[in-house]
Each structure stands twice: as structure tokens, then as C-alpha cells.
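Have a look at the structure below before the remarks.
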Amino acid sequence: MNGNTQLFVAATLSFIASLLHVAIVFGGPDWYRFFGAGESMAKLAEAGSHYPTFVTLIIALILAIWGLYALSGAGIIPPLPWPRVALVGITTIYLLRGIAGLFLPFFTTHPAITQNSVTFWLVSSSICCAIGIFYLFGTINNWTEMGK
């Protein structure tokens, strides 16, 4: 699999994650709970607060921008500013979130971690690691092309 394909897959996965966040807004409090936003966000959504919607849509926007950077790095859309810096940052965030989530539930009792099940952390973190790996190898394999 070449760098263009790897970044295309990374983009597709980021867009799916973005759309899923939008769906959570429409799915309501039960969706916030199921997807691990936490009981406090679900309760705010139940109370009609705009805060969960705002936060979730900001996350969706960020994930969509990350998808655009992957498409740009693959040469599928016109170049975006600072592609190398952006893709290294995106890769780092995905991999740090993924790796941290694989270990934190076993080493902390912080409520932000324990409000979700170990299964949630293992599944969501594995997904983040997988996406991060596509970004990592796609970025490495297209590094030279992005510098032109």
C-alpha cells in the first residue's frame, strides 16, 4: 500500500469519525452515553444545554479538517498550508490518544477514565491507533512529495 492509499484510508476514517460525531448530536443523550462522552455530557444534553452540541460539532469539524489534510497529503486535493507539520501533529494526537487509552483504564481511578468501561477504552483506543498508523505511514511514504 503506497502513501497516497494510506492517507486516503486515513482521510476516510477521519471523515467517518467526523460524521459519527454529527450523528451523536442528533442521536441525543443515549448516543453521548454509548459513545463515551460521559454522563455529565449526556445529562447536559438531556437538560437542553447547547454545550454538548457545540463541543461535539467542534470535534467533528476538527476531524473533517484532519481528513482534508490527509487528502491534501495524498495529492487528491490541492495542497493545504503546512502539510508536514499538520500531518505529524495529527498522527501524534491519534497515536497518543490511542496508546494512552490502552493503558490508562488500568492505572488510574480518575472519574474521566472510569466513567467508561475498559471495553470502551480498548475499542476506541485501538481505533485511534489504527487511524494513527495510517496517518503515520502515509505521511512517511509521501514526505518528499509534500515538500515540493
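Residue numbers start at 1 in each chain; chains themselves are named A, B, ... in the order of the C-alpha cells; ligands are numbered from 1 in the order shown.
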
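Proximity to A:His21 at 12 Å, evaluated using only C-alpha atoms and with sequence-adjacent residues fewer than 6 positions away removed, yields Ser14, Phe15, Gly27, Gly28, Trp31, Tyr32, Phe34, Phe35, Gly36, Ala37, Pro52, Thr53, Phe54, Val55, Thr56, Leu57, Ile58, Ile59, Ala60, Leu61, Ile62, Leu63 and Ala64 of chain A.
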
Contact residues around A:Ala47 with only C-alpha atoms at 10 Å, ignoring same-chain residues under 5 positions, as a count of residues only | 3

Contact check, stretch 4-51 of chain A to stretch 78-98 of chain A, at most 12 Å, counting only C-alpha atoms, closest pairs as CSV:
residue,atom,partner,partner_atom,distance
A:Leu7,CA,A:Leu87,CA,9.7
A:Ala10,CA,A:Thr91,CA,9.8
A:Ala11,CA,A:Leu87,CA,11.0
A:Leu13,CA,A:Tyr94,CA,11.6
A:Ser14,CA,A:Tyr94,CA,10.2
A:Ala17,CA,A:Tyr94,CA,12.0

Per DSSP on the backbone, what are the alpha helix (DSSP H) residues of stretch 26-124 of chain A, as an MDAnalysis selection string?
-> chainID A and resid 26:27 29:34 39:46 51:73 83:107 111:114 118:124

Stretch 142-148 of chain A surroundings by only C-alpha atoms, 6 Å radius, close-in-sequence under 2 positions cut, as an MDAnalysis selection string | chainID A and resid 3 139:140

Write a file of the selected residues as a CSV table (one decimal), in the first residue's frame, keeping C-alpha atoms.
chain,number,residue,atom,x,y,z
A,3,GLY,CA,1.4,6.6,0.8
A,139,THR,CA,3.0,10.7,5.9
A,140,ILE,CA,6.3,8.9,5.9

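Comparing the minimum interatomic distances between A:Thr114 and each of A:Glu39, A:Asn2, A:Leu136, A:Tyr69, counting only C-alpha atoms, we find that A:Glu39 sits nearest.
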
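The spacing separating atom CA of A:Ser125 from atom CA of A:Phe137 amounts to 18.2 Å.
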
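You will find atom CA of A:Phe134 at 11.7 Å from atom CA of A:Gly67.
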
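Closest to A:Phe8 among A:Gly138, A:Gly38, A:Gly101, A:Pro111 is A:Gly138, based on only C-alpha atoms.
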